$ cat start.cif   # mmCIF, C-alpha atoms
data_coords
loop_
_atom_site.label_atom_id
_atom_site.label_comp_id
_atom_site.auth_asym_id
_atom_site.auth_seq_id
_atom_site.Cartn_x
_atom_site.Cartn_y
_atom_site.Cartn_z
CA MET L 452 -73.75 -20.82 -88.25
CA SER L 453 -70.55 -22.65 -89.03
CA VAL L 454 -70.73 -26.41 -89.25
CA THR L 455 -67.16 -26.61 -88.08
CA GLY L 456 -68.22 -24.63 -85.00
CA LYS L 457 -71.09 -26.79 -83.74
CA LEU L 458 -73.58 -29.45 -84.65
CA ASP L 459 -75.71 -28.73 -87.69
CA SER L 460 -79.20 -29.49 -86.46
CA PRO L 461 -81.43 -31.46 -88.84
CA ASP L 462 -84.25 -29.33 -87.44
CA GLU L 463 -82.52 -26.02 -88.12
CA PHE L 464 -84.25 -25.34 -91.42
CA ASP L 465 -87.37 -27.43 -90.90
CA ALA L 466 -89.57 -24.60 -89.68
CA PHE L 467 -89.81 -23.12 -93.16
CA PRO L 468 -90.02 -25.94 -95.73
CA HIS L 469 -90.06 -24.67 -99.28
CA HIS L 470 -90.21 -27.89 -101.29
CA GLN L 471 -89.80 -31.59 -100.50
CA SER L 472 -89.60 -34.75 -102.59
CA THR L 473 -88.50 -38.35 -102.17
CA VAL L 474 -86.19 -39.81 -104.82
CA LEU L 475 -83.97 -42.84 -105.37
CA SER L 476 -81.04 -41.00 -106.95
CA GLU L 477 -78.43 -38.75 -105.37
CA ARG L 478 -78.76 -34.98 -105.48
CA THR L 479 -77.00 -33.51 -108.51
CA LEU L 480 -74.10 -31.33 -107.47
CA THR L 481 -73.22 -28.02 -109.10
CA THR L 482 -69.78 -27.74 -110.69
CA GLU L 483 -68.63 -25.60 -107.77
CA GLU L 484 -69.87 -28.12 -105.22
CA MET L 485 -68.20 -31.01 -107.03
CA GLU L 486 -64.89 -29.14 -107.18
CA LYS L 487 -65.07 -28.37 -103.46
CA LEU L 488 -65.60 -32.03 -102.52
CA THR L 489 -63.02 -33.47 -104.89
CA SER L 490 -60.36 -30.97 -103.83
CA ASP L 491 -60.78 -31.78 -100.12
CA ARG L 492 -58.34 -34.69 -99.92
CA VAL L 493 -56.41 -34.04 -96.71
CA LEU L 494 -57.58 -36.28 -93.87
CA VAL L 495 -57.32 -35.65 -90.14
CA SER L 496 -54.24 -37.44 -88.78
CA ASP L 497 -54.53 -41.00 -87.49
CA PHE L 498 -53.46 -39.82 -84.03
CA LYS L 499 -56.24 -37.23 -83.84
CA GLN L 500 -58.77 -39.67 -85.28
CA GLN L 501 -57.92 -42.19 -82.56
CA LYS L 502 -58.32 -39.49 -79.91
CA LEU L 503 -61.71 -38.52 -81.35
CA GLU L 504 -62.82 -42.14 -81.06
CA THR L 505 -61.53 -42.42 -77.49
CA ASP L 506 -63.21 -39.14 -76.50
CA ALA L 507 -66.47 -39.72 -78.39
CA GLN L 508 -68.62 -40.20 -75.28
CA LYS L 509 -67.00 -37.26 -73.50
CA ASN L 510 -67.58 -34.98 -76.51
CA TRP L 511 -71.30 -35.83 -76.65
CA ASP L 512 -71.61 -35.39 -72.90
CA LEU L 513 -70.05 -31.92 -73.23
CA PHE L 514 -72.46 -31.16 -76.07
CA TYR L 515 -75.43 -31.86 -73.80
CA LYS L 516 -73.80 -29.95 -70.95
CA ARG L 517 -73.60 -26.86 -73.18
CA ASN L 518 -77.00 -27.19 -74.82
CA THR L 519 -79.00 -29.05 -72.13
CA THR L 520 -82.45 -29.78 -73.63
CA ASN L 521 -82.56 -26.73 -75.88
CA PHE L 522 -80.80 -27.75 -79.11
CA PHE L 523 -83.19 -30.10 -80.93
CA LYS L 524 -86.91 -29.50 -81.39
CA ASP L 525 -89.45 -32.09 -80.31
CA ARG L 526 -90.03 -34.41 -83.27
CA HIS L 527 -93.80 -34.46 -83.67
CA TRP L 528 -93.33 -35.47 -87.32
CA THR L 529 -92.33 -39.06 -86.60
CA THR L 530 -95.88 -40.50 -86.53
CA ARG L 531 -96.66 -38.65 -89.76
CA GLU L 532 -93.61 -40.00 -91.56
CA PHE L 533 -93.65 -43.49 -90.02
CA ASP L 534 -97.12 -45.02 -89.73
CA GLU L 535 -95.54 -48.11 -88.13
CA LEU L 536 -95.43 -46.16 -84.88
CA LYS L 537 -99.22 -46.45 -84.84
CA ASN L 538 -99.89 -49.56 -86.89
CA CYS L 539 -97.11 -52.04 -86.07
CA ARG L 540 -99.22 -54.07 -83.67
CA GLU L 541 -100.15 -57.71 -84.12
CA SER L 542 -103.56 -57.08 -82.54
CA GLN L 543 -105.74 -54.08 -81.76
CA GLY L 544 -105.15 -52.75 -78.26
CA GLN L 545 -101.74 -54.40 -78.01
CA LYS L 546 -99.05 -52.38 -76.25
CA LEU L 547 -96.36 -51.38 -78.74
CA VAL L 548 -92.80 -51.94 -77.51
CA LEU L 549 -90.37 -49.45 -79.03
CA LEU L 550 -86.61 -48.98 -78.76
CA GLU L 551 -85.24 -45.55 -79.47
CA ALA L 552 -81.54 -46.08 -80.03
CA GLY L 553 -79.81 -42.77 -79.44
CA CYS L 554 -82.63 -41.01 -77.63
CA GLY L 555 -80.76 -37.80 -76.83
CA VAL L 556 -82.79 -35.77 -74.36
CA GLY L 557 -86.11 -37.30 -75.45
CA ASN L 558 -87.23 -35.09 -78.35
CA CYS L 559 -88.76 -38.11 -80.06
CA ILE L 560 -89.97 -40.25 -77.17
CA PHE L 561 -91.95 -37.67 -75.21
CA PRO L 562 -94.21 -36.66 -78.13
CA LEU L 563 -94.85 -40.39 -78.69
CA LEU L 564 -95.68 -40.99 -75.02
CA GLU L 565 -98.17 -38.11 -75.14
CA GLU L 566 -99.81 -39.31 -78.38
CA ASP L 567 -99.99 -43.04 -77.69
CA LEU L 568 -101.03 -44.37 -74.28
CA SER L 569 -100.48 -47.99 -75.39
CA ILE L 570 -96.73 -47.78 -75.89
CA PHE L 571 -93.68 -48.76 -73.87
CA ILE L 572 -90.35 -47.21 -74.85
CA TYR L 573 -86.83 -48.36 -74.18
CA ALA L 574 -84.65 -45.28 -74.63
CA CYS L 575 -80.87 -45.53 -74.67
CA ASP L 576 -78.11 -43.08 -75.43
CA PHE L 577 -74.32 -42.98 -75.56
CA SER L 578 -74.28 -39.92 -73.26
CA PRO L 579 -75.01 -40.43 -69.54
CA ARG L 580 -75.90 -36.74 -69.30
CA ALA L 581 -78.53 -37.05 -72.05
CA VAL L 582 -80.09 -40.04 -70.28
CA GLU L 583 -80.24 -38.05 -67.06
CA PHE L 584 -82.10 -35.24 -68.85
CA VAL L 585 -84.65 -37.81 -70.07
CA LYS L 586 -85.20 -39.08 -66.53
CA GLN L 587 -85.65 -35.52 -65.22
CA ASN L 588 -88.44 -34.77 -67.72
CA ALA L 589 -91.86 -34.39 -66.11
CA LEU L 590 -93.33 -36.84 -68.65
CA TYR L 591 -90.86 -39.60 -67.75
CA CYS L 592 -92.65 -42.51 -66.07
CA THR L 593 -90.95 -45.83 -65.39
CA GLU L 594 -94.20 -47.69 -66.05
CA ARG L 595 -94.10 -46.50 -69.68
CA CYS L 596 -90.43 -45.81 -70.39
CA LEU L 597 -87.01 -47.10 -69.38
CA ALA L 598 -84.05 -44.84 -70.14
CA PHE L 599 -80.53 -46.20 -69.83
CA GLN L 600 -76.98 -45.44 -70.95
CA CYS L 601 -75.62 -47.75 -73.64
CA ASP L 602 -72.81 -47.72 -76.16
CA LEU L 603 -74.36 -49.75 -78.98
CA THR L 604 -70.93 -50.49 -80.43
CA LYS L 605 -69.71 -52.42 -77.38
CA ASP L 606 -72.27 -52.66 -74.53
CA ASP L 607 -74.68 -55.60 -74.45
CA LEU L 608 -78.19 -54.32 -75.28
CA GLN L 609 -79.59 -57.66 -74.08
CA ALA L 610 -78.50 -56.82 -70.55
CA THR L 611 -81.55 -54.53 -70.46
CA ILE L 612 -83.86 -55.77 -73.24
CA GLN L 613 -84.86 -59.39 -73.76
CA VAL L 614 -84.22 -61.03 -77.13
CA GLU L 615 -86.97 -60.57 -79.74
CA THR L 616 -89.29 -58.42 -77.60
CA VAL L 617 -89.16 -55.08 -79.48
CA ASP L 618 -91.75 -54.27 -82.17
CA VAL L 619 -90.16 -51.13 -83.60
CA ALA L 620 -86.71 -49.56 -83.26
CA THR L 621 -85.86 -46.03 -84.32
CA LEU L 622 -82.50 -44.72 -85.49
CA ILE L 623 -83.10 -41.02 -86.07
CA PHE L 624 -79.93 -39.00 -86.69
CA VAL L 625 -77.92 -41.51 -84.66
CA LEU L 626 -75.98 -43.90 -86.90
CA SER L 627 -74.19 -40.98 -88.58
CA ALA L 628 -72.46 -40.16 -85.28
CA ILE L 629 -70.90 -43.65 -85.03
CA HIS L 630 -67.59 -44.54 -86.66
CA PRO L 631 -68.30 -46.40 -89.94
CA GLU L 632 -66.27 -49.39 -88.79
CA LYS L 633 -68.59 -49.81 -85.77
CA MET L 634 -71.98 -49.22 -87.40
CA GLN L 635 -72.39 -52.93 -88.16
CA LYS L 636 -72.09 -53.89 -84.50
CA ALA L 637 -74.81 -51.42 -83.52
CA LEU L 638 -77.21 -52.81 -86.12
CA GLU L 639 -76.52 -56.40 -85.08
CA GLN L 640 -77.43 -55.54 -81.48
CA ILE L 641 -80.74 -54.01 -82.57
CA PHE L 642 -81.44 -57.03 -84.78
CA LYS L 643 -81.21 -59.36 -81.76
CA VAL L 644 -83.80 -57.55 -79.63
CA LEU L 645 -86.31 -57.03 -82.48
CA ARG L 646 -89.03 -59.64 -82.83
CA PRO L 647 -89.31 -61.40 -86.22
CA GLY L 648 -91.28 -59.02 -88.43
CA GLY L 649 -90.10 -56.07 -86.33
CA ILE L 650 -89.20 -52.82 -88.08
CA VAL L 651 -86.31 -50.34 -87.90
CA LEU L 652 -87.29 -46.78 -88.80
CA PHE L 653 -84.30 -44.78 -90.01
CA ARG L 654 -83.69 -41.13 -90.82
CA ASP L 655 -80.28 -39.51 -91.06
CA TYR L 656 -78.01 -37.27 -93.13
CA GLY L 657 -77.92 -38.15 -96.81
CA LEU L 658 -75.07 -37.84 -99.26
CA TYR L 659 -74.46 -34.23 -100.42
CA ASP L 660 -76.62 -32.67 -97.72
CA HIS L 661 -75.99 -28.97 -97.18
CA ALA L 662 -74.23 -29.77 -93.91
CA MET L 663 -71.68 -31.92 -95.74
CA LEU L 664 -70.86 -29.14 -98.17
CA ARG L 665 -70.31 -26.61 -95.39
CA PHE L 666 -67.37 -28.43 -93.85
CA LYS L 667 -64.08 -26.63 -94.39
CA SER L 668 -60.80 -28.27 -95.32
CA GLY L 669 -59.17 -30.05 -92.38
CA ASN L 670 -62.35 -31.65 -91.05
CA LYS L 671 -62.47 -34.76 -93.22
CA LEU L 672 -61.97 -38.12 -91.49
CA GLY L 673 -62.69 -40.39 -94.45
CA GLN L 674 -65.09 -40.83 -97.35
CA ASN L 675 -68.31 -38.97 -96.44
CA PHE L 676 -67.15 -38.76 -92.79
CA TYR L 677 -66.34 -35.46 -91.02
CA VAL L 678 -65.59 -33.98 -87.60
CA ARG L 679 -67.05 -30.80 -86.15
CA GLN L 680 -65.06 -28.34 -84.06
CA ASP L 681 -66.61 -29.72 -80.87
CA GLY L 682 -65.27 -33.21 -81.64
CA THR L 683 -68.60 -34.80 -82.59
CA ARG L 684 -68.63 -36.54 -85.95
CA SER L 685 -71.04 -37.02 -88.82
CA PHE L 686 -71.33 -39.51 -91.67
CA PHE L 687 -73.40 -38.86 -94.80
CA PHE L 688 -75.13 -41.94 -96.21
CA SER L 689 -75.80 -43.09 -99.74
CA ARG L 690 -78.73 -45.45 -100.28
CA GLU L 691 -76.43 -48.23 -101.39
CA TYR L 692 -74.09 -47.94 -98.41
CA LEU L 693 -76.95 -47.95 -95.91
CA ALA L 694 -78.75 -50.88 -97.53
CA GLY L 695 -75.50 -52.86 -97.47
CA LEU L 696 -75.03 -52.25 -93.74
CA PHE L 697 -78.52 -53.41 -92.87
CA GLN L 698 -78.43 -56.42 -95.18
CA GLN L 699 -75.16 -57.61 -93.62
CA ALA L 700 -76.83 -57.39 -90.20
CA GLY L 701 -79.67 -59.64 -91.44
CA PHE L 702 -82.37 -57.08 -92.31
CA GLU L 703 -84.56 -56.83 -95.40
CA THR L 704 -85.05 -53.43 -97.04
CA LEU L 705 -88.64 -52.18 -97.24
CA VAL L 706 -88.10 -48.49 -98.10
CA ASN L 707 -84.86 -46.61 -98.73
CA GLU L 708 -85.22 -43.13 -100.22
CA TYR L 709 -83.57 -39.74 -100.27
CA VAL L 710 -85.69 -36.91 -98.92
CA LEU L 711 -84.72 -33.77 -100.82
CA ARG L 712 -85.86 -30.56 -99.23
CA GLU L 713 -85.24 -26.96 -100.17
CA THR L 714 -85.58 -25.09 -96.92
CA VAL L 715 -85.39 -21.48 -95.86
CA ASN L 716 -83.54 -20.12 -92.86
CA LYS L 717 -85.10 -16.69 -92.47
CA LYS L 718 -82.51 -15.56 -89.93
CA GLU L 719 -79.66 -16.06 -92.42
CA GLY L 720 -81.72 -15.40 -95.54
CA LEU L 721 -80.70 -18.74 -97.04
CA CYS L 722 -82.52 -21.26 -99.19
CA VAL L 723 -80.47 -24.44 -99.02
CA PRO L 724 -80.69 -28.07 -100.16
CA ARG L 725 -81.13 -30.53 -97.32
CA VAL L 726 -80.72 -34.22 -98.08
CA PHE L 727 -81.85 -36.90 -95.65
CA LEU L 728 -82.11 -40.64 -96.05
CA GLN L 729 -85.40 -42.08 -94.82
CA SER L 730 -85.70 -45.84 -94.69
CA LYS L 731 -87.50 -48.84 -93.22
CA PHE L 732 -85.89 -52.22 -92.62
CA CYS L 733 -87.49 -55.45 -91.41
CA LYS L 734 -86.24 -58.43 -89.43
CA PRO L 735 -87.36 -61.41 -91.53
CA VAL L 736 -89.89 -63.87 -90.20
CA PRO L 737 -88.38 -67.38 -90.37
CA SER L 738 -90.04 -69.62 -92.94
CA GLU L 739 -92.06 -72.53 -91.54
#
$ encode --input "start.cif" --output "structure tokens"
Amino acid sequence: MSVTGKLDSPDEFDAFPHHQSTVLSERTLTTEEMEKLTSDRVLVSDFKQQKLETDAQKNWDLFYKRNTTNFFKDRHWTTREFDELKNCRESQGQKLVLLEAGCGVGNCIFPLLEEDLSIFIYACDFSPRAVEFVKQNALYCTERCLAFQCDLTKDDLQATIQVETVDVATLIFVLSAIHPEKMQKALEQIFKVLRPGGIVLFRDYGLYDHAMLRFKSGNKLGQNFYVRQDGTRSFFFSREYLAGLFQQAGFETLVNEYVLRETVNKKEGLCVPRVFLQSKFCKPVPSE
């Protein structure tokens, strides 16, 4: 599968994990990999980059039109990786209020709704088509979930969610699709609706992930930022860059680690290095 042809799913290799570890340092590149990255200096033209930004919503809508609900797997691993989804309650029996920013077609929210009956989920996405797929799911119930279209970089999240009412927000393979210059705005919006002490759970593409190394020349938009053939874009985060974004938006860093995973794709006979960044950030509680 060519990365330049279509989205490189973070779930693509997950069915056959070979080895996984969490580390604080970047993955060490081979000489060949380093040469490939350093030699790729030609950027997509400013005109085309502006068009990609203008057409960003349309390109994601077309992605969901082609793939409907079949591209990503349901993410049953979230409660295993993030215990806050079960434990971030101020009292036992309290209903947990969660925001999934960038919900896609609901691969994360529907497993959570099945596992936890004391949860209410706000689910928003850039793509109107993705939101419609969420609403058409048999598990969608307006008493437990509210799905709505929202561009976090310009729409007002508070038009739907009251200030400081969300316990946990998730950003799972979402921020990487936003232009780096607009990431700050998205985080600031989430900060406003989180209650003091609320948590953001983050997982996304890490620096030097296999997907980054598969891009061919002519797909680079900027440092660690690339475009796929379908017009969707992907950024690859370093720990330092991500921590800086969240700190500027007012968050405190709790956990910020690379997840290094050697995974096997049996169909292609490949064992490849996946690199994700898995992090937790907190909205500070004001001092008395």
$ residues_around --input "start.cif" --residues "Glu615 in chain L" --least-positions-apart "2" --cutoff "7 Å" --atoms "only C-alpha atoms" --output "VMD selection string"
chain L and resid 613 617 643 to 647
$ resolve_selection --input "start.cif" --expression "the PyMOL selection byres ((chain L and resi 606) around 12)" --output "list in words"
Cys575, Asp576, Phe577, Phe599, Gln600, Cys601, Asp602, Leu603, Thr604, Lys605, Asp607, Leu608, Gln609, Ala610, Thr611, Lys636, Ala637, Glu639, Gln640 and Ile641 of chain L
$ resolve_selection --input "start.cif" --expression "the PyMOL selection byres ((chain L and resi 676) around 12)" --output "PyMOL selection string"
chain L and resi 488+491+494-495+500+626-632+656-659+662-664+666+669-675+677-679+683-689
$ closest_residue --input "start.cif" --among "L:Val715, L:Val706, L:Leu480, L:Val582" --to "Ala552 in chain L" --atoms "all atoms listed in the file"
L:Val582
$ atom_distance --input "start.cif" --atom1 "CA of Gln545 in chain L" --atom2 "CA of Pro562 in chain L"
19.3 Å
$ axis_aligned_box --input "start.cif" --around "range 642-647 of chain L" --padding-each-side "8 Å" --output "AutoDock Vina command-line options"
--center_x -85.3 --center_y -59.2 --center_z -82.9 --size_x 24.1 --size_y 20.4 --size_z 22.6
$ atom_distance --input "start.cif" --atom1 "CA of Val736 in chain L" --atom2 "CA of Glu703 in chain L"
10.2 Å
